[in-house]
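Text of the file target.tsv, holding TSV, C-alpha atoms (C1' of nucleotides):
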chain	number	residue	atom	x	y	z
A	189	MET	CA	156.09	133.28	122.19
A	190	PRO	CA	153.64	136.05	121.68
A	191	PRO	CA	153.62	138.89	124.19
A	192	LYS	CA	150.78	138.80	126.66
A	193	THR	CA	149.38	142.21	125.94
A	194	PHE	CA	147.93	143.96	122.98
A	195	LEU	CA	149.11	147.10	121.38
A	196	GLY	CA	147.77	150.23	123.01
A	197	GLU	CA	145.21	152.22	121.13
A	198	PHE	CA	147.59	154.94	120.06
A	199	GLU	CA	150.38	152.53	119.28
A	200	GLN	CA	148.11	150.70	116.96
A	201	MET	CA	147.10	153.80	115.08
A	202	LEU	CA	150.66	154.95	114.84
A	203	LEU	CA	151.78	151.73	113.27
A	204	LEU	CA	148.91	151.83	110.82
A	205	ALA	CA	149.74	155.38	109.84
A	206	ILE	CA	153.27	154.31	109.03
A	207	LEU	CA	152.03	151.53	106.82
A	208	GLN	CA	149.74	153.97	105.07
A	209	LYS	CA	152.58	156.29	104.27
A	210	GLY	CA	154.98	153.63	103.06
A	211	GLU	CA	157.92	155.34	101.38
A	212	ASP	CA	156.81	158.65	102.76
A	213	ALA	CA	156.73	157.45	106.32
A	214	TYR	CA	158.84	160.02	108.02
A	215	GLY	CA	157.93	162.04	111.06
A	216	VAL	CA	155.94	164.95	109.86
A	217	GLU	CA	154.02	162.98	107.27
A	218	VAL	CA	153.02	160.23	109.64
A	219	ARG	CA	152.00	162.68	112.25
A	220	ARG	CA	149.86	164.58	109.80
A	221	GLU	CA	148.20	161.39	108.65
A	222	LEU	CA	147.38	160.58	112.23
A	223	GLU	CA	145.87	163.96	112.91
A	224	GLU	CA	143.76	163.78	109.84
A	225	ALA	CA	142.55	160.29	110.43
A	226	THR	CA	141.68	160.77	114.05
A	227	GLY	CA	140.60	164.36	114.02
A	228	ARG	CA	142.58	165.09	117.12
A	229	LYS	CA	145.77	166.92	117.79
A	230	VAL	CA	148.88	164.82	118.21
A	231	SER	CA	151.62	166.60	120.12
A	232	ARG	CA	155.24	166.07	119.23
A	233	GLY	CA	155.82	164.52	122.60
A	234	ALA	CA	153.04	162.00	122.29
A	235	PHE	CA	154.20	161.15	118.85
A	236	TYR	CA	157.91	160.64	119.21
A	237	THR	CA	157.70	159.09	122.63
A	238	THR	CA	155.40	156.42	121.35
A	239	LEU	CA	157.53	155.93	118.29
A	240	ASP	CA	160.57	155.26	120.44
A	241	ARG	CA	158.70	152.88	122.70
A	242	LEU	CA	157.51	150.96	119.72
A	243	GLU	CA	161.03	150.73	118.45
A	244	SER	CA	162.40	149.41	121.69
A	245	LYS	CA	159.73	146.73	121.60
A	246	GLY	CA	160.87	145.78	118.16
A	247	TYR	CA	157.67	146.64	116.34
A	248	LEU	CA	159.28	149.38	114.40
A	249	ARG	CA	162.60	150.36	112.92
A	250	TRP	CA	163.93	153.50	111.33
A	251	THR	CA	166.76	154.77	109.20
A	252	SER	CA	168.19	158.17	108.58
A	253	ARG	CA	167.25	159.53	105.26
A	254	PRO	CA	169.48	161.42	102.91
A	255	VAL	CA	168.23	164.93	102.44
A	256	GLU	CA	166.30	165.04	99.23
A	257	GLY	CA	165.48	167.96	97.00
A	258	GLY	CA	163.74	170.80	98.65
A	259	TRP	CA	163.95	169.71	102.23
A	260	ARG	CA	165.14	172.33	104.61
A	261	GLY	CA	165.07	171.17	108.17
A	262	GLY	CA	167.91	170.95	110.61
A	263	LEU	CA	168.03	167.34	111.74
A	264	PRO	CA	168.13	164.26	109.57
A	265	GLN	CA	164.74	162.85	108.79
A	266	ARG	CA	163.89	159.47	110.16
A	267	HIS	CA	162.16	157.05	107.90
A	268	PHE	CA	160.00	154.51	109.68
A	269	GLU	CA	159.13	150.99	108.88
A	270	VAL	CA	156.97	148.45	110.69
A	271	THR	CA	158.73	145.18	111.44
A	272	ASP	CA	157.22	141.74	110.96
A	273	GLU	CA	156.73	141.60	114.69
A	274	GLY	CA	154.80	144.82	114.50
A	275	ILE	CA	152.62	143.53	111.74
A	276	ALA	CA	151.89	140.39	113.69
A	277	GLN	CA	150.71	142.51	116.61
A	278	LEU	CA	148.54	144.56	114.36
A	279	GLN	CA	146.97	141.40	113.05
A	280	ARG	CA	146.25	140.13	116.52
A	281	SER	CA	144.58	143.33	117.60
A	282	ARG	CA	142.60	143.47	114.49
A	283	ALA	CA	141.40	139.91	114.73
A	284	ALA	CA	140.19	140.41	118.28
A	285	LEU	CA	138.39	143.61	117.41
A	286	GLU	CA	136.81	142.03	114.41
A	287	ARG	CA	135.54	139.09	116.32
A	288	LEU	CA	134.09	141.33	119.00
A	289	SER	CA	132.39	143.50	116.42
A	290	ARG	CA	130.78	140.64	114.59
A	291	GLY	CA	127.12	141.20	114.05
A	292	LEU	CA	127.17	144.72	115.43
A	293	ASP	CA	127.50	146.62	112.19
A	294	GLU	CA	124.11	148.17	112.55
A	295	ILE	CA	125.13	149.69	115.82
A	296	LEU	CA	128.72	150.54	115.09
A	297	VAL	CA	128.46	152.51	111.92
A	298	GLY	CA	127.96	156.07	112.98
A	299	PRO	CA	126.29	158.97	111.21
B	173	MET	CA	131.70	168.53	122.41
B	174	PRO	CA	133.39	165.19	122.08
B	175	PRO	CA	136.11	164.24	124.53
B	176	LYS	CA	139.61	164.72	123.24
B	177	THR	CA	140.78	161.18	123.69
B	178	PHE	CA	139.77	157.85	122.35
B	179	LEU	CA	138.73	154.82	124.24
B	180	GLY	CA	141.64	152.73	125.44
B	181	GLU	CA	142.21	149.48	123.70
B	182	PHE	CA	140.82	147.38	126.52
B	183	GLU	CA	137.92	149.72	127.16
B	184	GLN	CA	136.92	149.36	123.59
B	185	MET	CA	136.93	145.60	123.69
B	186	LEU	CA	135.05	145.57	126.93
B	187	LEU	CA	132.24	147.68	125.55
B	188	LEU	CA	132.04	145.50	122.49
B	189	ALA	CA	131.86	142.37	124.59
B	190	ILE	CA	128.92	143.83	126.46
B	191	LEU	CA	127.12	144.59	123.24
B	192	GLN	CA	127.78	141.06	122.08
B	193	LYS	CA	126.22	139.60	125.17
B	194	GLY	CA	123.15	141.79	125.20
B	195	GLU	CA	120.70	140.42	127.72
B	196	ASP	CA	123.36	138.12	129.10
B	197	ALA	CA	125.81	140.89	129.74
B	198	TYR	CA	126.69	140.32	133.32
B	199	GLY	CA	130.13	140.00	134.80
B	200	VAL	CA	131.20	136.46	134.30
B	201	GLU	CA	129.71	136.16	130.85
B	202	VAL	CA	131.27	139.29	129.55
B	203	ARG	CA	134.59	138.37	130.99
B	204	ARG	CA	134.47	134.97	129.39
B	205	GLU	CA	133.59	136.47	126.04
B	206	LEU	CA	136.57	138.74	126.33
B	207	GLU	CA	138.94	135.93	127.14
B	208	GLU	CA	137.72	133.87	124.25
B	209	ALA	CA	137.83	136.66	121.75
B	210	THR	CA	141.26	137.88	122.68
B	211	GLY	CA	142.88	134.64	123.68
B	212	ARG	CA	144.39	136.24	126.73
B	213	LYS	CA	143.62	136.02	130.38
B	214	VAL	CA	141.58	138.82	131.87
B	215	SER	CA	142.08	139.18	135.59
B	216	ARG	CA	139.23	140.21	137.84
B	217	GLY	CA	141.09	143.37	138.69
B	218	ALA	CA	141.59	144.40	135.10
B	219	PHE	CA	138.02	143.66	134.34
B	220	TYR	CA	136.09	145.34	137.12
B	221	THR	CA	138.41	148.31	137.37
B	222	THR	CA	137.84	149.11	133.75
B	223	LEU	CA	134.13	148.55	134.07
B	224	ASP	CA	133.92	151.10	136.85
B	225	ARG	CA	136.01	153.63	135.03
B	226	LEU	CA	133.80	153.28	132.00
B	227	GLU	CA	130.77	153.82	134.14
B	228	SER	CA	132.10	156.95	135.73
B	229	LYS	CA	132.74	158.31	132.26
B	230	GLY	CA	129.15	157.62	131.37
B	231	TYR	CA	129.84	155.08	128.66
B	232	LEU	CA	128.23	152.32	130.57
B	233	ARG	CA	125.48	151.72	133.11
B	234	TRP	CA	124.45	148.76	135.15
B	235	THR	CA	121.58	147.46	137.20
B	236	SER	CA	121.30	144.82	139.83
B	237	ARG	CA	119.64	141.76	138.54
B	238	PRO	CA	117.06	139.77	140.39
B	239	VAL	CA	118.40	136.36	141.15
B	240	GLU	CA	117.06	134.05	138.53
B	241	GLY	CA	116.63	130.34	138.56
B	242	GLY	CA	119.78	128.42	139.23
B	243	TRP	CA	122.09	131.18	140.19
B	244	ARG	CA	123.91	130.66	143.42
B	245	GLY	CA	126.56	133.28	144.04
B	246	GLY	CA	126.80	135.56	147.02
B	247	LEU	CA	126.56	139.07	145.63
B	248	PRO	CA	123.92	140.44	143.32
B	249	GLN	CA	124.79	140.18	139.68
B	250	ARG	CA	125.34	143.35	137.75
B	251	HIS	CA	123.84	143.62	134.34
B	252	PHE	CA	125.71	145.95	132.02
B	253	GLU	CA	124.55	148.13	129.22
B	254	VAL	CA	126.40	150.49	126.93
B	255	THR	CA	125.02	154.02	126.87
B	256	ASP	CA	124.52	156.11	123.76
B	257	GLU	CA	127.61	158.01	124.71
B	258	GLY	CA	129.48	154.76	124.83
B	259	ILE	CA	128.26	153.76	121.44
B	260	ALA	CA	129.28	157.10	120.02
B	261	GLN	CA	132.79	156.56	121.33
B	262	LEU	CA	132.92	153.13	119.84
B	263	GLN	CA	131.92	154.57	116.51
B	264	ARG	CA	134.62	157.19	116.64
B	265	SER	CA	137.32	154.67	117.44
B	266	ARG	CA	136.13	152.39	114.78
B	267	ALA	CA	136.00	155.07	112.13
B	268	ALA	CA	139.56	156.14	112.83
B	269	LEU	CA	140.85	152.60	112.77
B	270	GLU	CA	138.99	151.88	109.59
B	271	ARG	CA	140.37	154.86	107.84
B	272	LEU	CA	143.88	154.01	108.91
B	273	SER	CA	143.47	150.44	107.74
B	274	ARG	CA	142.17	151.37	104.34
B	275	GLY	CA	143.98	149.54	101.61
B	276	LEU	CA	146.03	147.44	103.98
B	277	ASP	CA	143.89	144.32	103.97
B	278	GLU	CA	146.55	142.30	102.28
B	279	ILE	CA	148.92	143.03	105.11
B	280	LEU	CA	146.56	143.00	108.03
B	281	VAL	CA	144.84	139.71	107.60
B	282	GLY	CA	146.95	137.21	109.45
B	283	PRO	CA	147.33	133.47	108.99
C	123	DT	C1'	130.64	122.50	159.41
C	124	DC	C1'	134.17	122.47	155.90
C	125	DT	C1'	135.08	123.20	151.25
C	126	DC	C1'	134.28	124.74	146.68
C	127	DG	C1'	132.55	127.75	143.24
C	128	DT	C1'	130.43	132.18	142.15
C	129	DA	C1'	130.58	137.48	142.29
C	130	DG	C1'	132.64	141.29	143.20
C	131	DT	C1'	135.87	144.96	145.85
C	132	DC	C1'	140.22	147.07	146.73
C	133	DT	C1'	145.18	148.27	146.57
C	134	DA	C1'	149.21	148.94	144.39
C	135	DA	C1'	152.27	148.86	140.53
C	136	DA	C1'	153.60	148.67	135.53
C	137	DT	C1'	152.60	150.41	131.07
C	138	DT	C1'	150.72	153.80	127.94
C	139	DG	C1'	149.40	158.33	126.53
C	140	DT	C1'	150.15	163.35	126.54
C	141	DA	C1'	151.84	168.13	126.80
C	142	DG	C1'	155.17	171.37	126.31
C	143	DA	C1'	159.78	173.29	126.79
C	144	DC	C1'	164.08	172.91	124.56
C	145	DC	C1'	167.88	172.15	120.81
C	146	DA	C1'	169.72	172.63	116.19
C	147	DT	C1'	169.86	173.99	111.31
C	148	DA	C1'	168.30	176.02	107.10
C	149	DT	C1'	166.03	179.77	104.33
C	150	DA	C1'	164.02	184.37	103.59
C	151	DG	C1'	164.00	189.09	104.32
C	152	DT	C1'	166.21	193.24	105.47
D	233	DA	C1'	175.39	189.58	108.51
D	234	DC	C1'	171.46	189.35	111.59
D	235	DT	C1'	166.92	188.14	112.84
D	236	DA	C1'	162.72	185.84	112.29
D	237	DT	C1'	160.47	181.74	111.08
D	238	DA	C1'	159.82	176.98	109.84
D	239	DT	C1'	161.36	172.22	110.01
D	240	DG	C1'	162.57	167.92	112.66
D	241	DG	C1'	163.43	166.11	116.58
D	242	DT	C1'	164.77	165.21	121.96
D	243	DC	C1'	163.71	165.24	126.73
D	244	DT	C1'	161.26	165.58	131.14
D	245	DA	C1'	157.53	164.92	133.84
D	246	DC	C1'	152.91	163.79	134.75
D	247	DA	C1'	148.21	161.77	133.88
D	248	DA	C1'	145.42	157.93	132.54
D	249	DT	C1'	144.96	153.18	131.45
D	250	DT	C1'	145.95	148.44	132.22
D	251	DT	C1'	147.01	144.60	135.08
D	252	DA	C1'	147.75	141.20	138.98
D	253	DG	C1'	146.39	139.34	142.98
D	254	DA	C1'	144.78	139.41	147.76
D	255	DC	C1'	140.46	139.87	150.16
D	256	DT	C1'	135.23	139.73	151.28
D	257	DA	C1'	130.71	137.34	151.00
D	258	DC	C1'	127.32	133.91	150.27
D	259	DG	C1'	125.13	129.45	148.84
D	260	DA	C1'	125.19	124.54	148.06
D	261	DG	C1'	126.71	119.98	148.75
D	262	DA	C1'	129.46	116.38	151.31
Before anything else, please render the file you have as structure tokens.
Amino acid sequence: MPPKTFLGEFEQMLLLAILQKGEDAYGVEVRRELEEATGRKVSRGAFYTTLDRLESKGYLRWTSRPVEGGWRGGLPQRHFEVTDEGIAQLQRSRAALERLSRGLDEILVGP
Amino acid sequence: MPPKTFLGEFEQMLLLAILQKGEDAYGVEVRRELEEATGRKVSRGAFYTTLDRLESKGYLRWTSRPVEGGWRGGLPQRHFEVTDEGIAQLQRSRAALERLSRGLDEILVGP
DNA sequence: TCTCGTAGTCTAAATTGTAGACCATATAGT
DNA sequence: ACTATATGGTCTACAATTTAGACTACGAGA
């Protein structure tokens, strides 16, 4: 039974950013991707809080990564992965948006 | 200077639904469009509250419509229109989403 | 006049989005 | 060895968005 709500706007972008990064989907990378793609600043708080919420909803999972060559942080890196549930949500949001944008290309493609 | 946040997920869909309806963009029609496109129920509260918020942000304007043939409600109908500001926001959201979806078509197109 | 359907307002609560302070560890420089 | 700096992440608290549902009003038809 599909949940009654859609993904929030930020949740959606976060999930997409993880997919973009694939194997490299750990914190800092994903966050950077997000900032680049949206052109806005993403605070740590916003970022990790949303990540955790997404996990508790089952749209996301993560594993601790072994420290690879050259890394020098203090805590273990988390590697993120979107679950099938998460992908299904993404598809639903996308389908709705696509349908609502139909025929509006002229208007919606900015400068 | 552009606002620092994006449109919420529902706000975005609402604006799109108005654009879709064009001349017919008054309450009931827009709401119906939304319900059809998303497949979920949109309560009056959700709908009008968001409409008003969008207006106060300047992304939307409305006018009272003269009662045309056949209409028989009690209150005057409101006809909605997306402002240029609103369109600009829509473009920003769309651009970000598009960039984040790049190359993921395989994954994002559902059944 | 009673009832139904249309339109819209209002209140309150749940969910999302956001910032920023704080913790811990490693590396570089002195 | 000691300090500064950078990395990666946790936590708290608050602001904004989303949502349901009760309530008001009016017209038309039985």
request  = Could you give me, as a list in words, the residues within 10 Å of A:Gly196, counting all atoms listed in the file and dropping anything in the same chain fewer than 3 positions from it?
outcome  = Thr193, Glu199, Gln200, Met201, Leu202, Thr238 and Ser281 of chain A; Gly180, Glu181 and Phe182 of chain B; DT137, DT138 and DG139 of chain C; DT249 and DT250 of chain D
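Among the candidates A:Thr251, A:Thr271, A:Thr226, A:Gln277, the residue lying nearest to chain B is A:Thr226 (atoms considered: only C-alpha atoms).
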Between chain D and chain B, at 9 Å or less, what are the per-residue closest atom pairs and their distances in Å? Count only C-alpha atoms (C1' of nucleotides), order by chain and rising residue number, and return it as JSON lines.
{"residue": "D:DT249", "atom": "C1'", "partner": "B:Gly180", "partner_atom": "CA", "distance": 6.9}
{"residue": "D:DT250", "atom": "C1'", "partner": "B:Ala218", "partner_atom": "CA", "distance": 6.6}
{"residue": "D:DT251", "atom": "C1'", "partner": "B:Ala218", "partner_atom": "CA", "distance": 5.4}
{"residue": "D:DA252", "atom": "C1'", "partner": "B:Ser215", "partner_atom": "CA", "distance": 6.9}
{"residue": "D:DG253", "atom": "C1'", "partner": "B:Gly217", "partner_atom": "CA", "distance": 7.9}
{"residue": "D:DA257", "atom": "C1'", "partner": "B:Gly246", "partner_atom": "CA", "distance": 5.9}
{"residue": "D:DC258", "atom": "C1'", "partner": "B:Gly246", "partner_atom": "CA", "distance": 3.7}
{"residue": "D:DG259", "atom": "C1'", "partner": "B:Arg244", "partner_atom": "CA", "distance": 5.7}
{"residue": "D:DA260", "atom": "C1'", "partner": "B:Arg244", "partner_atom": "CA", "distance": 7.8}
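The spacing separating atom CA of B:Leu223 from atom CA of B:Gly258 amounts to 12.1 Å.
For the pair atom CA of A:Trp250 and atom C1' of D:DG241, the interatomic distance is 13.7 Å.
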Mind dumping a table of every chain B residue within 8 Å of chain A, with the nearest atom pair and its distance in Å to one decimal, using only C-alpha atoms, sorted by chain and rising number, as JSON lines?
{"residue": "B:Lys176", "atom": "CA", "partner": "A:Arg228", "partner_atom": "CA", "distance": 6.8}
{"residue": "B:Thr177", "atom": "CA", "partner": "A:Arg228", "partner_atom": "CA", "distance": 7.9}
{"residue": "B:Phe178", "atom": "CA", "partner": "A:Glu197", "partner_atom": "CA", "distance": 7.9}
{"residue": "B:Leu179", "atom": "CA", "partner": "A:Glu197", "partner_atom": "CA", "distance": 7.6}
{"residue": "B:Gly180", "atom": "CA", "partner": "A:Glu197", "partner_atom": "CA", "distance": 5.6}
{"residue": "B:Glu181", "atom": "CA", "partner": "A:Glu197", "partner_atom": "CA", "distance": 4.8}
{"residue": "B:Met185", "atom": "CA", "partner": "A:Leu285", "partner_atom": "CA", "distance": 6.7}
{"residue": "B:Leu188", "atom": "CA", "partner": "A:Leu288", "partner_atom": "CA", "distance": 5.8}
{"residue": "B:Ala189", "atom": "CA", "partner": "A:Leu288", "partner_atom": "CA", "distance": 6.1}
{"residue": "B:Leu191", "atom": "CA", "partner": "A:Leu292", "partner_atom": "CA", "distance": 7.8}
{"residue": "B:Gln192", "atom": "CA", "partner": "A:Leu288", "partner_atom": "CA", "distance": 7.0}
{"residue": "B:Ala209", "atom": "CA", "partner": "A:Ala284", "partner_atom": "CA", "distance": 5.6}
{"residue": "B:Thr210", "atom": "CA", "partner": "A:Ala284", "partner_atom": "CA", "distance": 5.2}
{"residue": "B:Arg212", "atom": "CA", "partner": "A:Lys192", "partner_atom": "CA", "distance": 6.9}
{"residue": "B:Ile259", "atom": "CA", "partner": "A:Leu296", "partner_atom": "CA", "distance": 7.1}
{"residue": "B:Ala260", "atom": "CA", "partner": "A:Gly298", "partner_atom": "CA", "distance": 7.2}
{"residue": "B:Leu262", "atom": "CA", "partner": "A:Leu296", "partner_atom": "CA", "distance": 6.8}
{"residue": "B:Gln263", "atom": "CA", "partner": "A:Leu296", "partner_atom": "CA", "distance": 5.3}
{"residue": "B:Arg264", "atom": "CA", "partner": "A:Gly298", "partner_atom": "CA", "distance": 7.7}
{"residue": "B:Arg266", "atom": "CA", "partner": "A:Leu296", "partner_atom": "CA", "distance": 7.6}
{"residue": "B:Ala267", "atom": "CA", "partner": "A:Val297", "partner_atom": "CA", "distance": 8.0}
{"residue": "B:Ala268", "atom": "CA", "partner": "A:Thr226", "partner_atom": "CA", "distance": 5.2}
{"residue": "B:Leu269", "atom": "CA", "partner": "A:Met201", "partner_atom": "CA", "distance": 6.8}
{"residue": "B:Arg271", "atom": "CA", "partner": "A:Ala225", "partner_atom": "CA", "distance": 6.4}
{"residue": "B:Leu272", "atom": "CA", "partner": "A:Leu204", "partner_atom": "CA", "distance": 5.8}
{"residue": "B:Ser273", "atom": "CA", "partner": "A:Leu204", "partner_atom": "CA", "distance": 6.4}
{"residue": "B:Leu276", "atom": "CA", "partner": "A:Gln208", "partner_atom": "CA", "distance": 7.6}
{"residue": "B:Ile279", "atom": "CA", "partner": "A:Ile275", "partner_atom": "CA", "distance": 7.6}
{"residue": "B:Leu280", "atom": "CA", "partner": "A:Gln279", "partner_atom": "CA", "distance": 5.3}
{"residue": "B:Val281", "atom": "CA", "partner": "A:Gln279", "partner_atom": "CA", "distance": 6.1}
{"residue": "B:Gly282", "atom": "CA", "partner": "A:Gln279", "partner_atom": "CA", "distance": 5.5}
Check: which chain C residues lie within 7 Å of chain B using only C-alpha atoms (C1' of nucleotides), as a PyMOL selection string = chain C and resi 128-130
Export of the given selection (C-alpha atoms (C1' of nucleotides)) as a PDB file, in the coordinates of the input:
ATOM      1  C1'  DT C 128     130.430 132.180 142.150  1.00  0.00           C
ATOM      2  C1'  DA C 129     130.580 137.480 142.290  1.00  0.00           C
ATOM      3  C1'  DG C 130     132.640 141.290 143.200  1.00  0.00           C
TER       4       DG C 130
END
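Rounded to one decimal, atom CA of B:Tyr231 and atom CA of B:Phe252 lie 10.6 Å from each other.
For the point (149.0, 162.4, 135.1) in file coordinates, the residues within 10 Å, using all atoms listed in the file, are DG139 and DT140 of chain C; DA245, DC246, DA247 and DA248 of chain D.
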Return stretch 196-219 of chain B, completed with N, CA and C atoms, as a PDB file, in the frame of the given file.
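The new file out08.pdb reads:
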ATOM      1  N   ASP B 196     122.524 138.934 128.208  1.00  0.00           N
ATOM      2  CA  ASP B 196     123.360 138.120 129.100  1.00  0.00           C
ATOM      3  C   ASP B 196     124.590 138.856 129.581  1.00  0.00           C
ATOM      4  N   ALA B 197     124.603 140.157 129.411  1.00  0.00           N
ATOM      5  CA  ALA B 197     125.810 140.890 129.740  1.00  0.00           C
ATOM      6  C   ALA B 197     126.012 141.122 131.221  1.00  0.00           C
ATOM      7  N   TYR B 198     126.279 140.088 131.949  1.00  0.00           N
ATOM      8  CA  TYR B 198     126.690 140.320 133.320  1.00  0.00           C
ATOM      9  C   TYR B 198     128.104 139.791 133.477  1.00  0.00           C
ATOM     10  N   GLY B 199     128.715 140.230 134.567  1.00  0.00           N
ATOM     11  CA  GLY B 199     130.130 140.000 134.800  1.00  0.00           C
ATOM     12  C   GLY B 199     130.790 138.800 134.168  1.00  0.00           C
ATOM     13  N   VAL B 200     130.512 137.658 134.736  1.00  0.00           N
ATOM     14  CA  VAL B 200     131.200 136.460 134.300  1.00  0.00           C
ATOM     15  C   VAL B 200     131.086 136.182 132.806  1.00  0.00           C
ATOM     16  N   GLU B 201     129.918 136.406 132.267  1.00  0.00           N
ATOM     17  CA  GLU B 201     129.710 136.160 130.850  1.00  0.00           C
ATOM     18  C   GLU B 201     130.569 137.067 129.984  1.00  0.00           C
ATOM     19  N   VAL B 202     130.535 138.318 130.330  1.00  0.00           N
ATOM     20  CA  VAL B 202     131.270 139.290 129.550  1.00  0.00           C
ATOM     21  C   VAL B 202     132.762 138.985 129.617  1.00  0.00           C
ATOM     22  N   ARG B 203     133.179 138.647 130.809  1.00  0.00           N
ATOM     23  CA  ARG B 203     134.590 138.370 130.990  1.00  0.00           C
ATOM     24  C   ARG B 203     135.000 137.155 130.167  1.00  0.00           C
ATOM     25  N   ARG B 204     134.161 136.157 130.166  1.00  0.00           N
ATOM     26  CA  ARG B 204     134.470 134.970 129.390  1.00  0.00           C
ATOM     27  C   ARG B 204     134.546 135.301 127.896  1.00  0.00           C
ATOM     28  N   GLU B 205     133.598 136.067 127.447  1.00  0.00           N
ATOM     29  CA  GLU B 205     133.590 136.470 126.040  1.00  0.00           C
ATOM     30  C   GLU B 205     134.911 137.135 125.666  1.00  0.00           C
ATOM     31  N   LEU B 206     135.334 138.014 126.537  1.00  0.00           N
ATOM     32  CA  LEU B 206     136.570 138.740 126.330  1.00  0.00           C
ATOM     33  C   LEU B 206     137.763 137.786 126.249  1.00  0.00           C
ATOM     34  N   GLU B 207     137.804 136.855 127.146  1.00  0.00           N
ATOM     35  CA  GLU B 207     138.940 135.930 127.140  1.00  0.00           C
ATOM     36  C   GLU B 207     138.950 135.069 125.885  1.00  0.00           C
ATOM     37  N   GLU B 208     137.773 134.675 125.466  1.00  0.00           N
ATOM     38  CA  GLU B 208     137.720 133.870 124.250  1.00  0.00           C
ATOM     39  C   GLU B 208     138.116 134.663 123.029  1.00  0.00           C
ATOM     40  N   ALA B 209     137.579 135.855 122.939  1.00  0.00           N
ATOM     41  CA  ALA B 209     137.830 136.660 121.750  1.00  0.00           C
ATOM     42  C   ALA B 209     139.291 137.075 121.630  1.00  0.00           C
ATOM     43  N   THR B 210     139.905 137.361 122.748  1.00  0.00           N
ATOM     44  CA  THR B 210     141.260 137.880 122.680  1.00  0.00           C
ATOM     45  C   THR B 210     142.309 136.801 122.871  1.00  0.00           C
ATOM     46  N   GLY B 211     141.902 135.690 123.441  1.00  0.00           N
ATOM     47  CA  GLY B 211     142.880 134.640 123.680  1.00  0.00           C
ATOM     48  C   GLY B 211     143.832 134.962 124.813  1.00  0.00           C
ATOM     49  N   ARG B 212     143.514 135.970 125.587  1.00  0.00           N
ATOM     50  CA  ARG B 212     144.390 136.240 126.730  1.00  0.00           C
ATOM     51  C   ARG B 212     143.570 136.247 127.999  1.00  0.00           C
ATOM     52  N   LYS B 213     144.258 136.087 129.089  1.00  0.00           N
ATOM     53  CA  LYS B 213     143.620 136.020 130.380  1.00  0.00           C
ATOM     54  C   LYS B 213     143.224 137.424 130.837  1.00  0.00           C
ATOM     55  N   VAL B 214     142.037 137.537 131.358  1.00  0.00           N
ATOM     56  CA  VAL B 214     141.580 138.820 131.870  1.00  0.00           C
ATOM     57  C   VAL B 214     141.369 138.682 133.368  1.00  0.00           C
ATOM     58  N   SER B 215     142.210 139.330 134.136  1.00  0.00           N
ATOM     59  CA  SER B 215     142.080 139.180 135.590  1.00  0.00           C
ATOM     60  C   SER B 215     140.869 139.942 136.098  1.00  0.00           C
ATOM     61  N   ARG B 216     140.365 139.513 137.247  1.00  0.00           N
ATOM     62  CA  ARG B 216     139.230 140.210 137.840  1.00  0.00           C
ATOM     63  C   ARG B 216     139.531 141.688 137.971  1.00  0.00           C
ATOM     64  N   GLY B 217     140.699 141.984 138.468  1.00  0.00           N
ATOM     65  CA  GLY B 217     141.090 143.370 138.690  1.00  0.00           C
ATOM     66  C   GLY B 217     140.981 144.188 137.420  1.00  0.00           C
ATOM     67  N   ALA B 218     141.606 143.701 136.380  1.00  0.00           N
ATOM     68  CA  ALA B 218     141.590 144.400 135.100  1.00  0.00           C
ATOM     69  C   ALA B 218     140.151 144.650 134.680  1.00  0.00           C
ATOM     70  N   PHE B 219     139.380 143.629 134.829  1.00  0.00           N
ATOM     71  CA  PHE B 219     138.020 143.660 134.340  1.00  0.00           C
ATOM     72  C   PHE B 219     137.130 144.657 135.089  1.00  0.00           C
TER      73      PHE B 219
END
